[in-house]
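K.L.:
Below you will find the structure I want to go over with you.
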Protein chains: 4
Amino acid sequence: MSMNTFGHLFRVTTWGESHGPALGATVDGCPPGVEVSAEMLQHWLDKRKPGQNKFTTQRREPDAVEILSGTFEGRTTGTPVQLMIRNTDQRSKDYGDIAEKFRPGHADITYFQKYGNRDYRGGGRSSARETAARVAAGGLARAALAHLAPQIEITGCMVQMGPHRIDEARRDAAEIANNPFWTPDPVAAEDWADYLDGLRKSGSSVGAVIEVTATGVPAGLGAPVYAKLDTDIAAAMMSINAVKGVEIGAGMGAATLTGEENADEITMGPDGPVYSSNHAGGILGGISTGQPVTCRFAVKPTSSILTPRRTITKSGAETEIITKGRHDPCVGIRAVPVGEAMMACVLLDHLLLHRGQIGENQGRIGG
Amino acid sequence: MSMNTFGHLFRVTTWGESHGPALGATVDGCPPGVEVSAEMLQHWLDKRKPGQNKFTTQRREPDAVEILSGTFEGRTTGTPVQLMIRNTDQRSKDYGDIAEKFRPGHADITYFQKYGNRDYRGGGRSSARETAARVAAGGLARAALAHLAPQIEITGCMVQMGPHRIDEARRDAAEIANNPFWTPDPVAAEDWADYLDGLRKSGSSVGAVIEVTATGVPAGLGAPVYAKLDTDIAAAMMSINAVKGVEIGAGMGAATLTGEENADEITMGPDGPVYSSNHAGGILGGISTGQPVTCRFAVKPTSSILTPRRTITKSGAETEIITKGRHDPCVGIRAVPVGEAMMACVLLDHLLLHRGQIGENQGRIGG
Amino acid sequence: MSMNTFGHLFRVTTWGESHGPALGATVDGCPPGVEVSAEMLQHWLDKRKPGQNKFTTQRREPDAVEILSGTFEGRTTGTPVQLMIRNTDQRSKDYGDIAEKFRPGHADITYFQKYGNRDYRGGGRSSARETAARVAAGGLARAALAHLAPQIEITGCMVQMGPHRIDEARRDAAEIANNPFWTPDPVAAEDWADYLDGLRKSGSSVGAVIEVTATGVPAGLGAPVYAKLDTDIAAAMMSINAVKGVEIGAGMGAATLTGEENADEITMGPDGPVYSSNHAGGILGGISTGQPVTCRFAVKPTSSILTPRRTITKSGAETEIITKGRHDPCVGIRAVPVGEAMMACVLLDHLLLHRGQIGENQGRIGG
Amino acid sequence: MSMNTFGHLFRVTTWGESHGPALGATVDGCPPGVEVSAEMLQHWLDKRKPGQNKFTTQRREPDAVEILSGTFEGRTTGTPVQLMIRNTDQRSKDYGDIAEKFRPGHADITYFQKYGNRDYRGGGRSSARETAARVAAGGLARAALAHLAPQIEITGCMVQMGPHRIDEARRDAAEIANNPFWTPDPVAAEDWADYLDGLRKSGSSVGAVIEVTATGVPAGLGAPVYAKLDTDIAAAMMSINAVKGVEIGAGMGAATLTGEENADEITMGPDGPVYSSNHAGGILGGISTGQPVTCRFAVKPTSSILTPRRTITKSGAETEIITKGRHDPCVGIRAVPVGEAMMACVLLDHLLLHRGQIGENQGRIGG
């Protein structure tokens, strides 16, 4: 029932604001005996860290994570793991201009309407900075997956920036780490660099589509009704700041298919069922098939832009606003490691749930 | 967060299989004093009921809902409301052919792999029949909303069938009830009738996009992080059978927009903030703005088709299957009232959550 | 953690009132493959059933349980199990006298104050009749335990009626089934029969202490902080109608002991640790030791008595009331199978939780 | 479903071990606008702090609490409040002797059996030090109660030490703060000082009974079945280290009463119903009556004593152990502020739940 907790058995509660002393994640339900260190988590945080190139916010935070509890001699003990990240670069003065004005597209206005307070120093709890805590928790989830299901691999990438999709013929997973956009299409990476540089210089911004794929997921994770694997993935991704749409497998495009086109036919391979295609995105009836689990989500353009926009003040006066701050022209870039982290959390959670409720899979095909 | 429960404070647990004695919904957390009757719920079930025209399954179930608990003298008492629907038309013989074979696109195979049993009489728990229980619970949620927030109106419609989108210029909400597809475009209704009839005769099927809109939603519902209003809507819709994608506001299309295009500018109206557009879908930072809350979801084509598809048996032998049964060429049609029901449940749940955690909205703009 | 749901992974939601059409339990999270039938559950309901002798209410309900979902071919499928019991003996006229008056010691007044309705036909949701649903769910939990941990045995008994405790020297578990009080002391059984008959004839009532013991519980169930095994047992027992106190092991008496007296010393036996005593009640730091898990709870005297008591009406007028109805002079009797049922639910729930979070126990003493 | 979280809407997740870098509480669901500061919380922590007199452990921790998130300009914002307490006095060497041996009465053995690790530096997660986090969270709950229901007062005290009960005739709440035992009986305070000093010198320990009372609790909090107010209080108190029994109102003694003795008769006062007595402990049918809510719990004697006790090692060898450390001869003393804190959390949680589910009380007696 909690507002800031995600998960059934592997439960991540993030806490903290963009301009408070610290933020972090309280992780309850991590199995004992998992090898983990601050360095291992830092690896993932560094991937998300802003200020690494001209396309992400110039806010410079070391985003150094500390493990305050839950480990002993380098392994988890089964108790809550507290992951804390100090906020160090909190130049509140940057934001003073907006103490009275609401920024269109930001949560300023709805947060104020609900809670009655206006943390004008930044996005407060609604800041994308909250996702640093998710990435830390996701790092812990990955460590636990490495312990329990080492064959699972999770990879995020950007497949569309603004109107520009990647060319599937050029897709090469090895390219993802070679460009600032985490895109598997090296030509797109070059094109997007020019495109985004133009937007950045004009103070504009643009949206993106992120894809996250998990391979090695065993068949049988999930449930037929509300705790479907796809339901939990959709919730995980939609809970990330600025996300407006989520797709599993064929996604919104499934609407255009006929039953013949959509059917993933089944044959028998040496290790179990083999599917002719993966429109299902690795999930049938809420339960994993053993195929790659695939999802995509759309990130809206950064709402902070230099073009003046009409807005109102707390007292209801009409005005205009330009949001100068230090911002990303395409927040979708930093959403890549966040999407990976959420996928890791969901998969670990469902592995634990499955083990609790089922033990081992009950049905073996072909004997 | 149980496997078959949805909601934080208004908690709906559905139960039952397509071919057991009954199915239903156990609803915990409905406020007391809400006027409700079986007839009021039946209204919504009749809307979903199959067999009403040639485009939906010919399975003929009266789908008569009984209220077994939680009401006294025509009003809810604050105790759990048990809504039961007897299964009456369970011609199991129709399904005998598939006792050994898995139907591609259905949950047969994953359910078997996870749980080790094969309820060959139909979809079992994974059958779309489960959604009847959701519609009944949604009817109760609507009754409670009528009590607590009577200005809220929830409307679902079909905006795309297969590759055919409606023409927005022809959109007329008054048309929704006038055609079997719940579409607001009367010309599309005629075109789709021919199109779907062709698919039906050839034993094929097609997907669809459903839109659900709620007007009159007060500003302030939701939360900034995991219990975002959009997160819960996405989970609600993705949990419906055959749904593969969910969008809020601009949805996946948000990826293609620039910050200037995406910004919903704010001015001040007599009753509070007024937005120039609604790319946000009525939700900013997880919290409702007061604008219409809009979502869309894609329903894949019915997996039961007459064209033979390759599949395997429980013992791992390769074979082919034709699924004859009584099925809908476009299950998206019946997803319309289900989507409305889920929206009603989410909104009521968040109204209660907001009242519990906040009381009344804390911040009033312009006063 | 909903209002009417108990359990983490094995989740029991009871529903229904004493005078509605039916009551029951929606059980989510029962593992698949568990052999169960209505007859198996009926066995436990018959044990609780009223009207079996002169010491329990003469309300005659067959309390026949129906399984409406979640099983196929005699085994659970992993989907929600709906257990329904029809109310057949609802002589509402018996209760007409109390439509306006609140019965002292009953929940009439607080229920009215909270919810604003007065189901004058009986206790409504607060009636002890709700416990029939718990016993049905407990029967299912026992069936699942028989499947997963067949060495676990759960036994409830009455160890005190009013001021009269059993003589521990005479305790003989084999006697429990031989008397209407479920007491292991055959002499007490005779004495109590006379004592309670006197109370019954005078229209009075008395309290009792019930003990529930589980043997064969493996070491390692529970958790160190809030989801302690003893916490969950205490909550389970305190949630039963009329219970005012709960003890684990030495219970309230632990306050009188010195550290030397309280210490359960440990030696090594062939199958693991052996304890010299069991003041801990089989639970140390919230986690089971492998010893018998023991708890006791006190049930207050039935509040419905023939001696007039002062009370008020809905309109606030002072008056007197005699509660004639059909009632038990010692409701503690019927609490015995209810306590057993709750213990079964808690143990199954923790077995599943342990399996989910830990898999197998991590630490083996002595190799 | 979480193992380390308590509460429905006001959710407290404690984290941290006795010898890690820090411990604390992540509090989700605190209403916005509550005035709070580290100083306000420190007040309650100082009350619990060890080392204040010869009767509590000489471990000297400043137990200084920091608020890392969730407040802005001295008030809560509605986001998670992170309360952190650094561990500063972690003299691990004190504990080195017990790296291999299990201490009888401690959770060492069960924790090892479950999780497979042995944090020999102290109690780890099972240490009573965890209760510091509860007291901090309870301080926040008190601040919120002062905001929402300022008439509520919560008072804990010790009413029994070992076999020595207070004399009810001498009970004077004003005395509670005047003695190291938080007892309302000034004569008992003197007697107990001698008694406990003797136990302390001999390296022994003793149990105690703590009472917590809340006055000013409005009628209507709670629910009829599982989320009863008494159920949640019982769970809260039983979850405190070393607690073995919990009583509401007449408690275990309710078993000895007749219906006539137990009935709290009702008359009408100027402000609503007035009860002739309070055997119910302020709770009828799980819902508060408006009378004082009273509970008691028994704390077992400290398990660390100087008399050698038989035990075993990790490798299963039999041995003896003396626990020298720095320990309290009566841990019950420090349980007083912890019990108060848990009561504050439960009451706030139920206030929020009631507001969410009911809004305002529905039924007003006498118009």
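Residues are referred to by chain and number: the chain letter is A, B, ... according to the order shown in the structure tokens, the number counts from 1 in that chain, and ligands are numbered separately from 1 in the order shown.
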Quick one: which residues from chain D are at most 10 Å off chain B, using only C-alpha atoms, as a VMD selection string?

P.N.:
chain D and resid 1 8 to 10 29 to 33 78 to 79 223 to 225 349 to 359 362

K.L.:
Limited to N, CA, C and O atoms, could you put the picked residues into a file as an mmCIF file, in the first residue's frame?

P.N.:
```cif
data_model
loop_
_atom_site.group_PDB
_atom_site.id
_atom_site.type_symbol
_atom_site.label_atom_id
_atom_site.label_comp_id
_atom_site.auth_asym_id
_atom_site.auth_seq_id
_atom_site.Cartn_x
_atom_site.Cartn_y
_atom_site.Cartn_z
ATOM 1 N N MET D 1 3.709 -6.976 2.412
ATOM 2 C CA MET D 1 4.402 -8.259 2.387
ATOM 3 C C MET D 1 5.823 -8.157 2.905
ATOM 4 O O MET D 1 6.547 -9.141 2.875
ATOM 5 N N HIS D 8 -0.005 0.306 7.575
ATOM 6 C CA HIS D 8 -0.798 0.256 6.359
ATOM 7 C C HIS D 8 -0.511 1.503 5.511
ATOM 8 O O HIS D 8 -0.020 1.401 4.401
ATOM 9 N N LEU D 9 -0.826 2.660 6.030
ATOM 10 C CA LEU D 9 -0.601 3.908 5.278
ATOM 11 C C LEU D 9 0.580 4.699 5.838
ATOM 12 O O LEU D 9 1.299 5.343 5.093
ATOM 13 N N PHE D 10 0.741 4.689 7.142
ATOM 14 C CA PHE D 10 1.945 5.258 7.764
ATOM 15 C C PHE D 10 2.882 4.078 7.930
ATOM 16 O O PHE D 10 2.726 3.256 8.821
ATOM 17 N N GLY D 29 4.495 7.830 4.057
ATOM 18 C CA GLY D 29 3.082 8.060 4.347
ATOM 19 C C GLY D 29 2.823 9.078 5.439
ATOM 20 O O GLY D 29 1.690 9.225 5.883
ATOM 21 N N CYS D 30 3.846 9.780 5.864
ATOM 22 C CA CYS D 30 3.603 10.845 6.837
ATOM 23 C C CYS D 30 2.901 11.995 6.115
ATOM 24 O O CYS D 30 3.344 12.435 5.057
ATOM 25 N N PRO D 31 1.806 12.485 6.648
ATOM 26 C CA PRO D 31 1.101 13.587 5.993
ATOM 27 C C PRO D 31 1.997 14.811 5.847
ATOM 28 O O PRO D 31 2.937 15.001 6.626
ATOM 29 N N PRO D 32 1.707 15.655 4.863
ATOM 30 C CA PRO D 32 2.494 16.883 4.684
ATOM 31 C C PRO D 32 2.091 17.937 5.712
ATOM 32 O O PRO D 32 1.004 17.881 6.283
ATOM 33 N N GLY D 33 2.993 18.886 5.911
ATOM 34 C CA GLY D 33 2.662 20.033 6.759
ATOM 35 C C GLY D 33 2.873 19.808 8.243
ATOM 36 O O GLY D 33 2.549 20.676 9.050
ATOM 37 N N GLY D 78 5.347 15.386 2.661
ATOM 38 C CA GLY D 78 4.538 14.296 2.108
ATOM 39 C C GLY D 78 5.381 13.216 1.464
ATOM 40 O O GLY D 78 4.863 12.193 1.044
ATOM 41 N N THR D 79 6.677 13.433 1.384
ATOM 42 C CA THR D 79 7.580 12.436 0.801
ATOM 43 C C THR D 79 8.211 11.617 1.934
ATOM 44 O O THR D 79 8.070 11.954 3.102
ATOM 45 N N ALA D 223 -11.110 -1.753 12.576
ATOM 46 C CA ALA D 223 -11.920 -2.484 11.609
ATOM 47 C C ALA D 223 -12.405 -3.758 12.274
ATOM 48 O O ALA D 223 -11.830 -4.195 13.274
ATOM 49 N N PRO D 224 -13.456 -4.377 11.735
ATOM 50 C CA PRO D 224 -14.026 -5.517 12.451
ATOM 51 C C PRO D 224 -13.240 -6.816 12.348
ATOM 52 O O PRO D 224 -13.425 -7.695 13.167
ATOM 53 N N VAL D 225 -12.415 -6.973 11.320
ATOM 54 C CA VAL D 225 -11.802 -8.291 11.183
ATOM 55 C C VAL D 225 -10.279 -8.212 11.319
ATOM 56 O O VAL D 225 -9.799 -7.976 12.418
ATOM 57 N N ASP D 349 -1.502 5.565 12.018
ATOM 58 C CA ASP D 349 -1.841 4.735 10.865
ATOM 59 C C ASP D 349 -3.355 4.541 10.778
ATOM 60 O O ASP D 349 -3.954 4.682 9.701
ATOM 61 N N HIS D 350 -3.970 4.255 11.890
ATOM 62 C CA HIS D 350 -5.418 4.017 11.863
ATOM 63 C C HIS D 350 -6.211 5.310 11.678
ATOM 64 O O HIS D 350 -7.295 5.273 11.091
ATOM 65 N N LEU D 351 -5.687 6.407 12.149
ATOM 66 C CA LEU D 351 -6.344 7.688 11.851
ATOM 67 C C LEU D 351 -6.374 7.933 10.348
ATOM 68 O O LEU D 351 -7.388 8.345 9.783
ATOM 69 N N LEU D 352 -5.253 7.678 9.693
ATOM 70 C CA LEU D 352 -5.175 7.893 8.251
ATOM 71 C C LEU D 352 -6.065 6.896 7.509
ATOM 72 O O LEU D 352 -6.788 7.252 6.573
ATOM 73 N N LEU D 353 -6.022 5.646 7.926
ATOM 74 C CA LEU D 353 -6.863 4.624 7.306
ATOM 75 C C LEU D 353 -8.335 4.984 7.435
ATOM 76 O O LEU D 353 -9.108 4.853 6.478
ATOM 77 N N HIS D 354 -8.708 5.411 8.620
ATOM 78 C CA HIS D 354 -10.105 5.752 8.859
ATOM 79 C C HIS D 354 -10.521 6.918 7.963
ATOM 80 O O HIS D 354 -11.583 6.898 7.340
ATOM 81 N N ARG D 355 -9.674 7.906 7.879
ATOM 82 C CA ARG D 355 -9.989 9.056 7.046
ATOM 83 C C ARG D 355 -10.113 8.643 5.590
ATOM 84 O O ARG D 355 -10.999 9.105 4.864
ATOM 85 N N GLY D 356 -9.224 7.742 5.154
ATOM 86 C CA GLY D 356 -9.281 7.301 3.767
ATOM 87 C C GLY D 356 -10.533 6.495 3.480
ATOM 88 O O GLY D 356 -11.211 6.718 2.479
ATOM 89 N N GLN D 357 -10.846 5.585 4.355
ATOM 90 C CA GLN D 357 -11.944 4.675 4.039
ATOM 91 C C GLN D 357 -13.312 5.226 4.417
ATOM 92 O O GLN D 357 -14.316 4.865 3.806
ATOM 93 N N ILE D 358 -13.347 6.068 5.415
ATOM 94 C CA ILE D 358 -14.639 6.520 5.929
ATOM 95 C C ILE D 358 -14.828 8.018 5.725
ATOM 96 O O ILE D 358 -15.943 8.480 5.527
ATOM 97 N N GLY D 359 -13.763 8.766 5.773
ATOM 98 C CA GLY D 359 -13.884 10.221 5.751
ATOM 99 C C GLY D 359 -14.121 10.671 7.181
ATOM 100 O O GLY D 359 -13.202 10.676 7.995
ATOM 101 N N GLN D 362 -19.471 7.983 10.424
ATOM 102 C CA GLN D 362 -20.770 8.010 9.774
ATOM 103 C C GLN D 362 -21.917 8.105 10.777
ATOM 104 O O GLN D 362 -22.945 8.688 10.487
#
```

K.L.:
Need to verify the contact set: Ala169 of chain C, 12 Å, only C-alpha atoms, exclusion of same-chain residues closer than 4 positions in sequence. Can you return it as a count of residues only?

P.N.:
7

K.L.:
Please provide as a ChimeraX atom specification all residues within 7 Å of Ala141 of chain C, with the sequence filter that same-chain residues fewer than 5 positions apart are discarded (counting only C-alpha atoms).

P.N.:
/C:344-345,348

K.L.:
For N, CA, C and O atoms, I'd like the residues from the last selection saved as a short mmCIF file (atom, residue, chain, number, x, y, z; two decimals), in the first residue's frame.

P.N.:
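The result, written out as selection-v3.cif:
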```cif
data_model
loop_
_atom_site.label_atom_id
_atom_site.label_comp_id
_atom_site.auth_asym_id
_atom_site.auth_seq_id
_atom_site.Cartn_x
_atom_site.Cartn_y
_atom_site.Cartn_z
N ALA C 344 -2.45 -22.70 11.38
CA ALA C 344 -2.15 -23.36 10.10
C ALA C 344 -1.87 -22.33 9.02
O ALA C 344 -0.93 -22.47 8.23
N CYS C 345 -2.68 -21.28 8.98
CA CYS C 345 -2.49 -20.24 7.96
C CYS C 345 -1.14 -19.54 8.14
O CYS C 345 -0.41 -19.30 7.17
N LEU C 348 1.83 -21.96 7.16
CA LEU C 348 1.95 -22.14 5.71
C LEU C 348 2.51 -20.87 5.08
O LEU C 348 3.41 -20.92 4.23
#
```

K.L.:
Can you tell me which residues surround Pro308 of chain B at a distance of at most 9 Å, considering only C-alpha atoms, apart from same-chain residues fewer than 2 positions away, and format the answer as a list in words?

P.N.:
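Close residues of Pro308 of chain B: Ile305, Leu306, Arg310, Glu320, Ile321, Ile322 and Thr323 of chain B.
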
K.L.:
Identify, with DSSP run on backbone atoms, the residues in segment 116-231 of chain D assigned to helix (DSSP H, G or I), and express the list as a ChimeraX atom specification.

P.N.:
/D:124-126,130-148,168-170,173-178,186-201,229-231

K.L.:
For a quick check of understanding, using only C-alpha atoms, which of B:Cys157, B:Ala132, B:Ile365, B:Val243 has the smallest distance to Ala317 of chain A?

P.N.:
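Between B:Cys157, B:Ala132, B:Ile365, B:Val243, the residue approaching Ala317 of chain A most closely is B:Ile365.
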
K.L.:
Would you list, as a list in words, the residues of segment 101-175 of chain A that end up in strand (DSSP E or B) under DSSP run on this structure's backbone?

P.N.:
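Residues of segment 101-175 of chain A classed as strand (DSSP E or B): Lys101, Glu153, Ile154, Thr155, Gly156, Cys157, Met158, Val159, Gln160, Met161, His164 and Arg165 of chain A.
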
K.L.:
Give me, as a PDB file with C-alpha atoms, in the first residue's frame, all polymer residues having an atom no more than 9 Å from Asp63 of chain C, counting only C-alpha atoms and skipping those fewer than 3 positions away in the same chain.

P.N.:
```pdb
ATOM      1  CA  GLN C  42     -15.997 -29.878   6.063  1.00  0.00           C
ATOM      2  CA  LEU C  45     -15.992 -26.922   9.957  1.00  0.00           C
ATOM      3  CA  ASP C  46     -17.917 -29.679  11.681  1.00  0.00           C
ATOM      4  CA  LYS C  49     -20.073 -26.116  14.150  1.00  0.00           C
ATOM      5  CA  ARG C  60     -28.313 -24.704  13.635  1.00  0.00           C
ATOM      6  CA  ILE C  85     -20.766 -21.176   3.131  1.00  0.00           C
ATOM      7  CA  ARG C  86     -24.425 -20.358   2.702  1.00  0.00           C
ATOM      8  CA  ASN C  87     -26.262 -18.868   5.665  1.00  0.00           C
ATOM      9  CA  THR C  88     -29.384 -20.933   6.118  1.00  0.00           C
ATOM     10  CA  ALA C 132     -16.404 -20.293   9.973  1.00  0.00           C
TER      11      ALA C 132
END
```

K.L.:
Need to verify the contact set: Ile312 of chain A, 7 Å, only C-alpha atoms, exclusion of same-chain residues closer than 2 positions in sequence. Can you return it as a list in words?

P.N.:
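In the requested format, the answer is Lys101, Phe102, Lys314, Gly316, Ala317, Glu318 and Thr319 of chain A; Ile266, Thr267 and Met268 of chain B.
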
K.L.:
Can you tell me which residues surround Gly70 of chain A at a distance of at most 9 Å, considering only C-alpha atoms, apart from same-chain residues fewer than 6 positions away, and format the answer as an MDAnalysis selection string?

P.N.:
(chainID A and resid 27 30 32 76:82) or (chainID D and resid 15:17 20 125)

K.L.:
Would you write out those residues with all heavy atoms, as a CSV table (one decimal), in the first residue's frame?

P.N.:
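selection-v3.csv, written as the output of this step:
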```
chain,number,residue,atom,x,y,z
A,27,VAL,N,16.2,-1.3,0.7
A,27,VAL,CA,15.9,-2.5,0.0
A,27,VAL,C,15.6,-3.6,1.0
A,27,VAL,O,16.5,-4.1,1.7
A,27,VAL,CB,17.0,-2.9,-1.0
A,27,VAL,CG1,16.5,-4.1,-1.8
A,27,VAL,CG2,17.3,-1.7,-1.9
A,30,CYS,N,16.2,-8.7,0.0
A,30,CYS,CA,17.3,-9.2,-0.7
A,30,CYS,C,17.8,-10.5,-0.1
A,30,CYS,O,18.0,-10.6,1.1
A,30,CYS,CB,18.5,-8.2,-0.8
A,30,CYS,SG,19.8,-8.8,-1.9
A,32,PRO,N,20.0,-13.6,1.4
A,32,PRO,CA,21.3,-13.5,2.1
A,32,PRO,C,22.3,-14.2,1.2
A,32,PRO,O,22.0,-15.0,0.3
A,32,PRO,CB,21.0,-14.4,3.3
A,32,PRO,CG,20.0,-15.3,3.0
A,32,PRO,CD,19.1,-14.6,2.0
A,76,THR,N,25.4,-10.0,1.5
A,76,THR,CA,24.2,-9.6,2.2
A,76,THR,C,23.9,-10.6,3.3
A,76,THR,O,24.2,-11.8,3.2
A,76,THR,CB,23.0,-9.6,1.1
A,76,THR,OG1,22.9,-10.9,0.5
A,76,THR,CG2,23.2,-8.6,0.1
A,77,THR,N,23.2,-10.1,4.3
A,77,THR,CA,22.8,-10.9,5.4
A,77,THR,C,21.4,-11.3,5.5
A,77,THR,O,21.0,-12.1,6.3
A,77,THR,CB,23.1,-10.2,6.7
A,77,THR,OG1,22.3,-9.0,6.7
A,77,THR,CG2,24.6,-9.8,6.9
A,78,GLY,N,20.6,-10.8,4.6
A,78,GLY,CA,19.1,-11.0,4.6
A,78,GLY,C,18.4,-9.9,5.3
A,78,GLY,O,17.1,-9.9,5.3
A,79,THR,N,19.1,-8.9,5.8
A,79,THR,CA,18.4,-7.8,6.4
A,79,THR,C,18.3,-6.6,5.4
A,79,THR,O,19.0,-6.7,4.4
A,79,THR,CB,19.2,-7.3,7.7
A,79,THR,OG1,20.4,-6.8,7.3
A,79,THR,CG2,19.4,-8.5,8.6
A,80,PRO,N,17.6,-5.6,5.8
A,80,PRO,CA,17.4,-4.5,4.8
A,80,PRO,C,18.8,-3.8,4.4
A,80,PRO,O,19.6,-3.6,5.3
A,80,PRO,CB,16.6,-3.5,5.6
A,80,PRO,CG,15.8,-4.2,6.6
A,80,PRO,CD,16.7,-5.3,7.0
A,81,VAL,N,18.9,-3.6,3.2
A,81,VAL,CA,20.1,-2.9,2.7
A,81,VAL,C,19.8,-1.5,2.4
A,81,VAL,O,18.9,-1.1,1.7
A,81,VAL,CB,20.6,-3.6,1.3
A,81,VAL,CG1,21.9,-2.9,0.8
A,81,VAL,CG2,20.8,-5.1,1.6
A,82,GLN,N,20.5,-0.6,3.1
A,82,GLN,CA,20.3,0.8,3.0
A,82,GLN,C,21.4,1.4,2.1
A,82,GLN,O,22.6,1.3,2.4
A,82,GLN,CB,20.4,1.5,4.3
A,82,GLN,CG,20.1,3.0,4.3
A,82,GLN,CD,18.8,3.4,3.7
A,82,GLN,OE1,18.6,3.7,2.5
A,82,GLN,NE2,17.7,3.2,4.5
D,15,TRP,N,15.8,-0.3,9.4
D,15,TRP,CA,17.0,-0.9,8.8
D,15,TRP,C,18.2,-0.7,9.7
D,15,TRP,O,18.2,0.2,10.5
D,15,TRP,CB,17.2,-0.3,7.4
D,15,TRP,CG,17.3,1.2,7.4
D,15,TRP,CD1,16.3,2.1,7.3
D,15,TRP,CD2,18.6,2.0,7.6
D,15,TRP,NE1,16.9,3.4,7.4
D,15,TRP,CE2,18.2,3.3,7.5
D,15,TRP,CE3,19.9,1.6,7.7
D,15,TRP,CZ2,19.2,4.4,7.7
D,15,TRP,CZ3,20.9,2.6,7.9
D,15,TRP,CH2,20.5,4.0,7.8
D,16,GLY,N,19.1,-1.6,9.5
D,16,GLY,CA,20.4,-1.4,10.2
D,16,GLY,C,20.6,-2.4,11.3
D,16,GLY,O,19.7,-3.0,11.9
D,17,GLU,N,21.9,-2.6,11.6
D,17,GLU,CA,22.3,-3.6,12.6
D,17,GLU,C,23.1,-2.9,13.7
D,17,GLU,O,23.5,-1.7,13.6
D,17,GLU,CB,23.3,-4.6,11.9
D,17,GLU,CG,22.6,-5.5,11.0
D,17,GLU,CD,22.4,-4.9,9.6
D,17,GLU,OE1,23.3,-4.3,9.1
D,17,GLU,OE2,21.3,-5.1,9.0
D,20,GLY,N,26.8,-2.1,12.3
D,20,GLY,CA,27.0,-1.5,11.0
D,20,GLY,C,27.3,0.0,11.2
D,20,GLY,O,27.3,0.5,12.3
D,125,ARG,N,20.9,-7.6,13.3
D,125,ARG,CA,19.6,-7.1,13.1
D,125,ARG,C,18.7,-7.4,14.3
D,125,ARG,O,17.7,-6.7,14.5
D,125,ARG,CB,19.1,-7.7,11.8
D,125,ARG,CG,17.7,-7.2,11.4
D,125,ARG,CD,17.7,-5.8,11.0
D,125,ARG,NE,16.4,-5.3,10.6
D,125,ARG,CZ,15.9,-4.1,10.7
D,125,ARG,NH1,16.7,-3.2,11.3
D,125,ARG,NH2,14.7,-3.8,10.3
```

K.L.:
So how many Å separate atom CA of Gly249 of chain A and atom CA of Lys244 of chain B, to one decimal?

P.N.:
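Computing the Euclidean distance for atom CA of Gly249 of chain A and atom CA of Lys244 of chain B yields 6.9 Å.
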
K.L.:
Provide the atom CA of Ile166 of chain C to atom CA of Lys47 of chain C distance in Å, to one decimal place.

P.N.:
21.7 Å

K.L.:
Nearest to Leu83 of chain A among A:Leu229, A:Ala208, A:Met343, A:Ala22, with distances taken over only C-alpha atoms: which residue is it?

P.N.:
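With only C-alpha atoms as the atom set, the closest residue is A:Ala22.
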